[in-house]
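Participant: Provided herewith: run_20.pdb, PDB, C-alpha atoms and all ligand atoms.
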```
ATOM      1  CA  MET A 958      95.579 -42.019  84.255  1.00  0.00           C
ATOM      2  CA  SER A 959      94.558 -38.884  82.348  1.00  0.00           C
ATOM      3  CA  ARG A 960      95.735 -38.269  78.832  1.00  0.00           C
ATOM      4  CA  GLN A 961      97.529 -35.089  79.987  1.00  0.00           C
ATOM      5  CA  PHE A 962      99.504 -36.919  82.677  1.00  0.00           C
ATOM      6  CA  ARG A 963     100.718 -39.618  80.283  1.00  0.00           C
ATOM      7  CA  ARG A 964     102.111 -37.059  77.893  1.00  0.00           C
ATOM      8  CA  THR A 965     104.011 -35.292  80.702  1.00  0.00           C
ATOM      9  CA  ALA A 966     105.515 -38.581  81.850  1.00  0.00           C
ATOM     10  CA  LEU A 967     106.763 -39.375  78.342  1.00  0.00           C
ATOM     11  CA  ILE A 968     108.417 -35.965  77.983  1.00  0.00           C
ATOM     12  CA  GLY A 969     110.071 -36.496  81.361  1.00  0.00           C
ATOM     13  CA  ALA A 970     111.600 -39.777  80.174  1.00  0.00           C
ATOM     14  CA  GLY A 971     112.920 -38.057  77.035  1.00  0.00           C
ATOM     15  CA  VAL A 972     114.698 -35.347  79.044  1.00  0.00           C
ATOM     16  CA  ALA A 973     116.329 -37.977  81.244  1.00  0.00           C
ATOM     17  CA  THR A 974     117.701 -39.762  78.149  1.00  0.00           C
ATOM     18  CA  VAL A 975     119.193 -36.534  76.754  1.00  0.00           C
ATOM     19  CA  LEU A 976     120.823 -35.698  80.096  1.00  0.00           C
ATOM     20  CA  THR A 977     122.413 -39.151  80.285  1.00  0.00           C
ATOM     21  CA  ALA A 978     123.858 -38.798  76.774  1.00  0.00           C
ATOM     22  CA  ALA A 979     125.297 -35.353  77.590  1.00  0.00           C
ATOM     23  CA  THR A 980     126.960 -36.694  80.733  1.00  0.00           C
ATOM     24  CA  ILE A 981     128.674 -39.457  78.737  1.00  0.00           C
ATOM     25  CA  LEU A 982     129.955 -36.929  76.168  1.00  0.00           C
ATOM     26  CA  VAL A 983     131.457 -34.725  78.878  1.00  0.00           C
ATOM     27  CA  ALA A 984     133.127 -37.702  80.536  1.00  0.00           C
ATOM     28  CA  CYS A 985     134.641 -38.725  77.195  1.00  0.00           C
ATOM     29  CA  GLY A 986     135.916 -35.233  76.390  1.00  0.00           C
ATOM     30  CA  THR A 987     137.719 -34.724  79.671  1.00  0.00           C
ATOM     31  CA  GLY A 988     138.981 -38.261  80.200  1.00  0.00           C
ATOM     32  CA  GLY A 989     142.611 -39.307  80.066  1.00  0.00           C
ATOM     33  CA  ASP A 990     145.761 -37.939  81.647  1.00  0.00           C
ATOM     34  CA  GLY A 991     147.254 -36.137  78.651  1.00  0.00           C
ATOM     35  CA  GLY A 992     147.617 -32.386  78.163  1.00  0.00           C
ATOM     36  CA  ALA A 993     146.793 -29.565  80.561  1.00  0.00           C
ATOM     37  CA  ASP A 994     143.151 -29.635  79.476  1.00  0.00           C
ATOM     38  CA  GLY A 995     142.973 -33.422  79.837  1.00  0.00           C
ATOM     39  CA  ARG A 996     142.763 -34.003  76.104  1.00  0.00           C
ATOM     40  CA  GLN A 997     145.229 -36.233  74.325  1.00  0.00           C
ATOM     41  CA  PRO A 998     145.759 -37.731  70.895  1.00  0.00           C
ATOM     42  CA  ARG A 999     145.522 -41.500  70.430  1.00  0.00           C
ATOM     43  CA  LEU A1000     147.485 -42.522  67.359  1.00  0.00           C
ATOM     44  CA  THR A1001     147.851 -45.602  65.212  1.00  0.00           C
ATOM     45  CA  VAL A1002     149.555 -46.064  61.836  1.00  0.00           C
ATOM     46  CA  ALA A1003     148.078 -48.145  59.016  1.00  0.00           C
ATOM     47  CA  ASP A1004     148.448 -48.907  55.308  1.00  0.00           C
ATOM     48  CA  SER A1005     152.146 -48.075  55.101  1.00  0.00           C
ATOM     49  CA  TYR A1006     154.166 -48.966  52.015  1.00  0.00           C
ATOM     50  CA  ILE A1007     157.135 -47.859  49.953  1.00  0.00           C
ATOM     51  CA  PRO A1008     156.945 -48.264  46.173  1.00  0.00           C
ATOM     52  CA  LEU A1009     160.193 -49.725  44.838  1.00  0.00           C
ATOM     53  CA  PRO A1010     162.423 -46.830  43.694  1.00  0.00           C
ATOM     54  CA  ALA A1011     162.358 -46.360  39.910  1.00  0.00           C
ATOM     55  CA  THR A1012     166.170 -46.306  39.941  1.00  0.00           C
ATOM     56  CA  PRO A1013     167.774 -49.092  42.033  1.00  0.00           C
ATOM     57  CA  GLY A1014     168.768 -47.565  45.344  1.00  0.00           C
ATOM     58  CA  GLY A1015     167.352 -44.203  44.285  1.00  0.00           C
ATOM     59  CA  MET A1016     164.877 -41.873  45.889  1.00  0.00           C
ATOM     60  CA  ALA A1017     161.607 -43.467  47.001  1.00  0.00           C
ATOM     61  CA  ALA A1018     158.288 -42.205  48.214  1.00  0.00           C
ATOM     62  CA  GLY A1019     156.671 -43.431  51.407  1.00  0.00           C
ATOM     63  CA  TYR A1020     152.956 -43.608  52.099  1.00  0.00           C
ATOM     64  CA  LEU A1021     150.956 -44.285  55.247  1.00  0.00           C
ATOM     65  CA  THR A1022     147.892 -43.266  57.227  1.00  0.00           C
ATOM     66  CA  VAL A1023     147.918 -41.929  60.792  1.00  0.00           C
ATOM     67  CA  ASN A1024     144.585 -42.364  62.586  1.00  0.00           C
ATOM     68  CA  ASN A1025     143.863 -40.242  65.656  1.00  0.00           C
ATOM     69  CA  THR A1026     140.971 -41.552  67.757  1.00  0.00           C
ATOM     70  CA  GLY A1027     141.872 -39.183  70.608  1.00  0.00           C
ATOM     71  CA  SER A1028     140.366 -35.849  71.569  1.00  0.00           C
ATOM     72  CA  ALA A1029     143.422 -33.650  70.854  1.00  0.00           C
ATOM     73  CA  ASP A1030     145.099 -32.558  67.635  1.00  0.00           C
ATOM     74  CA  ASP A1031     148.687 -33.632  67.037  1.00  0.00           C
ATOM     75  CA  GLN A1032     151.356 -33.162  64.393  1.00  0.00           C
ATOM     76  CA  LEU A1033     153.818 -35.477  62.720  1.00  0.00           C
ATOM     77  CA  ILE A1034     157.067 -33.549  63.169  1.00  0.00           C
ATOM     78  CA  LYS A1035     159.842 -35.989  62.221  1.00  0.00           C
ATOM     79  CA  VAL A1036     160.345 -39.234  60.350  1.00  0.00           C
ATOM     80  CA  SER A1037     163.638 -41.107  60.359  1.00  0.00           C
ATOM     81  CA  SER A1038     164.875 -44.594  59.530  1.00  0.00           C
ATOM     82  CA  PRO A1039     167.839 -46.778  60.491  1.00  0.00           C
ATOM     83  CA  ASP A1040     167.646 -48.050  56.891  1.00  0.00           C
ATOM     84  CA  ALA A1041     168.061 -44.680  55.130  1.00  0.00           C
ATOM     85  CA  SER A1042     170.033 -41.521  55.882  1.00  0.00           C
ATOM     86  CA  SER A1043     167.314 -39.074  54.794  1.00  0.00           C
ATOM     87  CA  VAL A1044     163.539 -39.078  55.261  1.00  0.00           C
ATOM     88  CA  THR A1045     161.651 -35.849  54.644  1.00  0.00           C
ATOM     89  CA  MET A1046     157.977 -34.881  54.684  1.00  0.00           C
ATOM     90  CA  HIS A1047     156.510 -33.276  51.570  1.00  0.00           C
ATOM     91  CA  ARG A1048     153.243 -31.551  50.811  1.00  0.00           C
ATOM     92  CA  SER A1049     151.990 -31.599  47.231  1.00  0.00           C
ATOM     93  CA  THR A1050     149.999 -28.768  45.732  1.00  0.00           C
ATOM     94  CA  ASP A1051     148.526 -28.637  42.215  1.00  0.00           C
ATOM     95  CA  SER A1052     151.839 -28.544  40.369  1.00  0.00           C
ATOM     96  CA  THR A1053     154.612 -28.515  42.950  1.00  0.00           C
ATOM     97  CA  MET A1054     155.716 -30.124  46.156  1.00  0.00           C
ATOM     98  CA  ARG A1055     157.685 -28.685  49.017  1.00  0.00           C
ATOM     99  CA  GLU A1056     159.297 -29.998  52.147  1.00  0.00           C
ATOM    100  CA  VAL A1057     157.413 -29.237  55.346  1.00  0.00           C
ATOM    101  CA  GLY A1058     158.417 -29.440  59.019  1.00  0.00           C
ATOM    102  CA  ALA A1059     155.083 -30.756  60.273  1.00  0.00           C
ATOM    103  CA  LEU A1060     151.880 -32.389  59.049  1.00  0.00           C
ATOM    104  CA  ASP A1061     148.636 -32.054  61.029  1.00  0.00           C
ATOM    105  CA  VAL A1062     146.872 -35.046  62.588  1.00  0.00           C
ATOM    106  CA  PRO A1063     143.468 -33.677  63.645  1.00  0.00           C
ATOM    107  CA  ALA A1064     141.582 -34.976  66.689  1.00  0.00           C
ATOM    108  CA  HIS A1065     139.131 -37.723  65.691  1.00  0.00           C
ATOM    109  CA  GLY A1066     140.709 -37.518  62.230  1.00  0.00           C
ATOM    110  CA  THR A1067     143.321 -38.833  59.861  1.00  0.00           C
ATOM    111  CA  LEU A1068     146.575 -37.759  58.253  1.00  0.00           C
ATOM    112  CA  SER A1069     146.842 -39.414  54.855  1.00  0.00           C
ATOM    113  CA  LEU A1070     150.107 -39.690  52.990  1.00  0.00           C
ATOM    114  CA  ASP A1071     149.132 -41.070  49.623  1.00  0.00           C
ATOM    115  CA  ARG A1072     149.817 -40.841  45.902  1.00  0.00           C
ATOM    116  CA  GLY A1073     149.319 -37.320  44.594  1.00  0.00           C
ATOM    117  CA  GLY A1074     149.197 -35.830  48.081  1.00  0.00           C
ATOM    118  CA  ASN A1075     151.375 -35.595  51.139  1.00  0.00           C
ATOM    119  CA  HIS A1076     154.200 -38.096  51.117  1.00  0.00           C
ATOM    120  CA  LEU A1077     157.597 -39.029  52.485  1.00  0.00           C
ATOM    121  CA  MET A1078     160.745 -38.860  50.382  1.00  0.00           C
ATOM    122  CA  ILE A1079     163.371 -41.409  51.326  1.00  0.00           C
ATOM    123  CA  MET A1080     167.024 -41.305  50.203  1.00  0.00           C
ATOM    124  CA  GLY A1081     170.423 -42.667  51.178  1.00  0.00           C
ATOM    125  CA  TRP A1082     169.603 -46.346  51.556  1.00  0.00           C
ATOM    126  CA  GLU A1083     171.854 -48.485  53.730  1.00  0.00           C
ATOM    127  CA  LYS A1084     171.077 -51.342  51.341  1.00  0.00           C
ATOM    128  CA  THR A1085     169.341 -51.203  47.955  1.00  0.00           C
ATOM    129  CA  PRO A1086     165.685 -51.987  48.701  1.00  0.00           C
ATOM    130  CA  ALA A1087     163.920 -54.843  46.911  1.00  0.00           C
ATOM    131  CA  VAL A1088     160.269 -55.835  46.711  1.00  0.00           C
ATOM    132  CA  GLY A1089     159.416 -57.843  49.823  1.00  0.00           C
ATOM    133  CA  ASP A1090     161.868 -56.019  52.096  1.00  0.00           C
ATOM    134  CA  GLU A1091     160.575 -54.364  55.221  1.00  0.00           C
ATOM    135  CA  LEU A1092     162.067 -51.040  56.199  1.00  0.00           C
ATOM    136  CA  GLU A1093     161.675 -49.311  59.527  1.00  0.00           C
ATOM    137  CA  LEU A1094     160.229 -45.826  59.740  1.00  0.00           C
ATOM    138  CA  ASP A1095     160.294 -44.035  63.102  1.00  0.00           C
ATOM    139  CA  LEU A1096     157.603 -41.381  63.450  1.00  0.00           C
ATOM    140  CA  THR A1097     157.812 -38.625  66.052  1.00  0.00           C
ATOM    141  CA  PHE A1098     154.758 -36.580  67.004  1.00  0.00           C
ATOM    142  CA  ALA A1099     154.586 -33.125  68.583  1.00  0.00           C
ATOM    143  CA  LYS A1100     152.908 -34.363  71.786  1.00  0.00           C
ATOM    144  CA  GLY A1101     155.565 -36.959  72.460  1.00  0.00           C
ATOM    145  CA  ASP A1102     154.371 -40.168  70.844  1.00  0.00           C
ATOM    146  CA  LYS A1103     156.944 -42.138  68.882  1.00  0.00           C
ATOM    147  CA  ILE A1104     155.701 -44.907  66.626  1.00  0.00           C
ATOM    148  CA  SER A1105     157.927 -47.316  64.702  1.00  0.00           C
ATOM    149  CA  VAL A1106     156.481 -49.182  61.757  1.00  0.00           C
ATOM    150  CA  GLN A1107     157.907 -51.917  59.549  1.00  0.00           C
ATOM    151  CA  VAL A1108     157.019 -50.784  56.050  1.00  0.00           C
ATOM    152  CA  PRO A1109     156.867 -53.241  53.142  1.00  0.00           C
ATOM    153  CA  VAL A1110     158.510 -52.420  49.823  1.00  0.00           C
ATOM    154  CA  LYS A1111     155.941 -52.894  47.052  1.00  0.00           C
ATOM    155  CA  PRO A1112     156.148 -52.917  43.236  1.00  0.00           C
ATOM    156  CA  LEU A1113     156.333 -49.422  41.740  1.00  0.00           C
ATOM    157  CA  THR A1114     152.754 -49.624  40.436  1.00  0.00           C
ATOM    158  CA  TYR A1115     151.242 -50.998  43.681  1.00  0.00           C
ATOM    159  CA  ARG A1116     148.020 -49.434  44.943  1.00  0.00           C
ATOM    160  CA  PRO A1117     146.626 -50.213  48.428  1.00  0.00           C
ATOM    161  CA  GLY A1118     143.791 -52.694  48.232  1.00  0.00           C
ATOM    162  CA  SER A1119     144.887 -54.004  44.824  1.00  0.00           C
TER     163      SER A1119
HETATM  164 CU    CU B   1     158.209 -34.977  47.414  1.00  0.00          CU
END
```
If you convert what's in this file into structure tokens, what do you get?

Facilitator:
Amino acid sequence: MSRQFRRTALIGAGVATVLTAATILVACGTGGDGGADGRQPRLTVADSYIPLPATPGGMAAGYLTVNNTGSADDQLIKVSSPDASSVTMHRSTDSTMREVGALDVPAHGTLSLDRGGNHLMIMGWEKTPAVGDELELDLTFAKGDKISVQVPVKPLTYRPGS
């Protein structure tokens, strides 16, 4: 086998590997039976908690993470609870916060509601929450998913992972 031939054969094997990888990527991107273009979000909720309201039965914040392992963007458009009459979504900026009608959940990305950032505001408790309670939050997304989570009430100073 000549030196020239061996080199050509190696390059040929490299091209075949690249083509195989590209085929897998295309199959992944167009898989599923979701939207018109075949892309769909795939959502899970993690790390949810409600710090105990500073005033018994008063307004509380709510924090959670929405992970989207799917190939389409989505939006959180509504949060409600059988345990409270009012749940709203808020976006924090440097010095203010304002209520918003939707929060983005990017494809292959995360929506984080955490201290100092986006958060839920929860009011009108059916029953004064106490540490150790679990409260239901029902999340509605723009593309139709509804996810219910049981959210633990934590001490006011709780930080995830602590
Ligand atoms: Cu707020």

Participant: Expand the PyMOL selection byres (((not hetatm)) within 8 of (chain B and resi 1)) into the explicit residue set it covers here, and present it as a CSV table (one decimal) with C-alpha atoms, in the coordinates of the input.

Facilitator:
```csv
chain,number,residue,atom,x,y,z
A,1018,ALA,CA,158.3,-42.2,48.2
A,1046,MET,CA,158.0,-34.9,54.7
A,1047,HIS,CA,156.5,-33.3,51.6
A,1048,ARG,CA,153.2,-31.6,50.8
A,1049,SER,CA,152.0,-31.6,47.2
A,1054,MET,CA,155.7,-30.1,46.2
A,1055,ARG,CA,157.7,-28.7,49.0
A,1056,GLU,CA,159.3,-30.0,52.1
A,1075,ASN,CA,151.4,-35.6,51.1
A,1076,HIS,CA,154.2,-38.1,51.1
A,1077,LEU,CA,157.6,-39.0,52.5
A,1078,MET,CA,160.7,-38.9,50.4
```

Participant: Can you turn the PyMOL selection byres (((chain A and resi 1102) around 12) and not hetatm) into a concrete residue list for this file, as a count of residues only?

Facilitator: 23

Participant: Which residue out of A:Val1088, A:Glu1083, A:Gly1014, A:Gly1019 has the minimum interatomic distance to A:Val1036 when only C-alpha atoms are used?

Facilitator: A:Gly1019

Participant: Calculated over only C-alpha atoms, which of the candidates A:Thr1022, A:Thr1050, A:Thr1114, A:Ser1038 has the smallest distance to A:Glu1093?

Facilitator: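 Of the candidates, the smallest distance to A:Glu1093 is held by A:Ser1038.
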
Participant: In Å to one decimal, how far is atom CA of A:Val1108 from atom CA of A:Val1062?

Facilitator: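 Between atom CA of A:Val1062 and atom CA of A:Val1108 the gap works out to 19.8 Å.
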
Participant: Find the spatial neighbours of A:Gln1107, counting all atoms listed in the file, within a cut-off of 7 Å - ignore same-chain residues fewer than 4 positions away - and output them as a list of chain:residue names.

Facilitator: A:Glu1091, A:Leu1092, A:Glu1093, A:Leu1094

Participant: Just checking: using all atoms listed in the file, which residue out of A:Ala1011, A:Ala1029, A:Leu1060, A:Ala1017 ends up closest to A:Gly995?

Facilitator: A:Ala1029

Participant: Would you mind reading off the distance between atom CA of A:Asn1024 and atom CA of A:Trp1082, one decimal, in Å?

Facilitator: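 Distance reported for this atom pair: 27.6 Å.
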
Participant: Assuming 6 Å of padding per side, give the centre and edge lengths of the axis-aligned box around every listed atom of stretch 1013-1019 of chain A, in Å to one decimal and as JSON.

Facilitator:
```
{"center_x": 162.7, "center_y": -45.5, "center_z": 46.7, "size_x": 24.1, "size_y": 19.2, "size_z": 21.4}
```

Participant: With all atoms listed in the file as the basis for distance, which of A:Pro1039, A:Gly1058, A:Pro1063, A:Pro1008 is at the shortest distance from A:Lys1084?

Facilitator: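 Closest to A:Lys1084 of all the choices is A:Pro1039.
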
Participant: Expand the PyMOL selection byres (((chain A and resi 1010) around 10) and not hetatm) into the individual residues it matches in the shown file, reporting them as a PyMOL selection string.

Facilitator: chain A and resi 1007-1009+1011-1018+1079-1080+1085-1088+1110-1113

Participant: Could you write out the selected residues, including C-alpha atoms, as a PDB file, in the coordinates of the input?

Facilitator:
```pdb
ATOM      1  CA  ILE A1007     157.135 -47.859  49.953  1.00  0.00           C
ATOM      2  CA  PRO A1008     156.945 -48.264  46.173  1.00  0.00           C
ATOM      3  CA  LEU A1009     160.193 -49.725  44.838  1.00  0.00           C
ATOM      4  CA  ALA A1011     162.358 -46.360  39.910  1.00  0.00           C
ATOM      5  CA  THR A1012     166.170 -46.306  39.941  1.00  0.00           C
ATOM      6  CA  PRO A1013     167.774 -49.092  42.033  1.00  0.00           C
ATOM      7  CA  GLY A1014     168.768 -47.565  45.344  1.00  0.00           C
ATOM      8  CA  GLY A1015     167.352 -44.203  44.285  1.00  0.00           C
ATOM      9  CA  MET A1016     164.877 -41.873  45.889  1.00  0.00           C
ATOM     10  CA  ALA A1017     161.607 -43.467  47.001  1.00  0.00           C
ATOM     11  CA  ALA A1018     158.288 -42.205  48.214  1.00  0.00           C
ATOM     12  CA  ILE A1079     163.371 -41.409  51.326  1.00  0.00           C
ATOM     13  CA  MET A1080     167.024 -41.305  50.203  1.00  0.00           C
ATOM     14  CA  THR A1085     169.341 -51.203  47.955  1.00  0.00           C
ATOM     15  CA  PRO A1086     165.685 -51.987  48.701  1.00  0.00           C
ATOM     16  CA  ALA A1087     163.920 -54.843  46.911  1.00  0.00           C
ATOM     17  CA  VAL A1088     160.269 -55.835  46.711  1.00  0.00           C
ATOM     18  CA  VAL A1110     158.510 -52.420  49.823  1.00  0.00           C
ATOM     19  CA  LYS A1111     155.941 -52.894  47.052  1.00  0.00           C
ATOM     20  CA  PRO A1112     156.148 -52.917  43.236  1.00  0.00           C
ATOM     21  CA  LEU A1113     156.333 -49.422  41.740  1.00  0.00           C
TER      22      LEU A1113
END
```

Participant: Give me, as an NGL selection string, all polymer residues having an atom no more than 7 Å from A:His1065, counting all atoms listed in the file and skipping those fewer than 5 positions away in the same chain.

Facilitator: :A and (1025-1028)

Participant: Check the smallest atom-to-atom distance from each of A:Ser1037, A:Thr1045, A:Ser1052, A:Ser1069 to A:Ser1005 using all atoms listed in the file, then report the winner.

Facilitator: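 Checking each of A:Ser1037, A:Thr1045, A:Ser1052, A:Ser1069 against A:Ser1005, counting all atoms listed in the file, the winner is A:Ser1069.
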
Participant: What does the distance between atom CA of A:Arg1116 and atom CA of A:Gly1081 come to in Å, to one decimal place?

Facilitator: 24.2 Å

Participant: Save stretch 998-1028 of chain A to a file: C-alpha atoms, as an mmCIF file, in the first residue's frame.

Facilitator:
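Output below, filename out_4.cif:
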```cif
data_model
loop_
_atom_site.group_PDB
_atom_site.id
_atom_site.type_symbol
_atom_site.label_atom_id
_atom_site.label_comp_id
_atom_site.auth_asym_id
_atom_site.auth_seq_id
_atom_site.Cartn_x
_atom_site.Cartn_y
_atom_site.Cartn_z
ATOM 1 C CA PRO A 998 -40.667 21.957 24.062
ATOM 2 C CA ARG A 999 -40.011 19.290 26.696
ATOM 3 C CA LEU A 1000 -40.492 20.774 30.146
ATOM 4 C CA THR A 1001 -39.752 19.782 33.709
ATOM 5 C CA VAL A 1002 -39.911 21.825 36.921
ATOM 6 C CA ALA A 1003 -37.285 21.618 39.663
ATOM 7 C CA ASP A 1004 -36.073 23.350 42.825
ATOM 8 C CA SER A 1005 -39.420 24.894 43.736
ATOM 9 C CA TYR A 1006 -39.955 26.500 47.132
ATOM 10 C CA ILE A 1007 -41.905 29.222 48.886
ATOM 11 C CA PRO A 1008 -40.177 31.154 51.674
ATOM 12 C CA LEU A 1009 -42.503 31.524 54.661
ATOM 13 C CA PRO A 1010 -44.269 34.910 54.387
ATOM 14 C CA ALA A 1011 -42.712 37.543 56.665
ATOM 15 C CA THR A 1012 -46.206 38.370 57.948
ATOM 16 C CA PRO A 1013 -48.328 35.304 58.846
ATOM 17 C CA GLY A 1014 -50.675 34.688 55.948
ATOM 18 C CA GLY A 1015 -49.180 37.612 54.040
ATOM 19 C CA MET A 1016 -47.727 37.912 50.587
ATOM 20 C CA ALA A 1017 -45.086 35.325 49.689
ATOM 21 C CA ALA A 1018 -42.633 34.862 46.888
ATOM 22 C CA GLY A 1019 -42.366 31.650 44.907
ATOM 23 C CA TYR A 1020 -39.245 30.312 43.240
ATOM 24 C CA LEU A 1021 -38.647 27.468 40.806
ATOM 25 C CA THR A 1022 -36.720 26.408 37.722
ATOM 26 C CA VAL A 1023 -38.273 25.287 34.432
ATOM 27 C CA ASN A 1024 -35.928 23.167 32.306
ATOM 28 C CA ASN A 1025 -36.652 22.790 28.594
ATOM 29 C CA THR A 1026 -34.776 19.904 26.969
ATOM 30 C CA GLY A 1027 -36.908 20.193 23.819
ATOM 31 C CA SER A 1028 -36.145 21.857 20.509
#
```
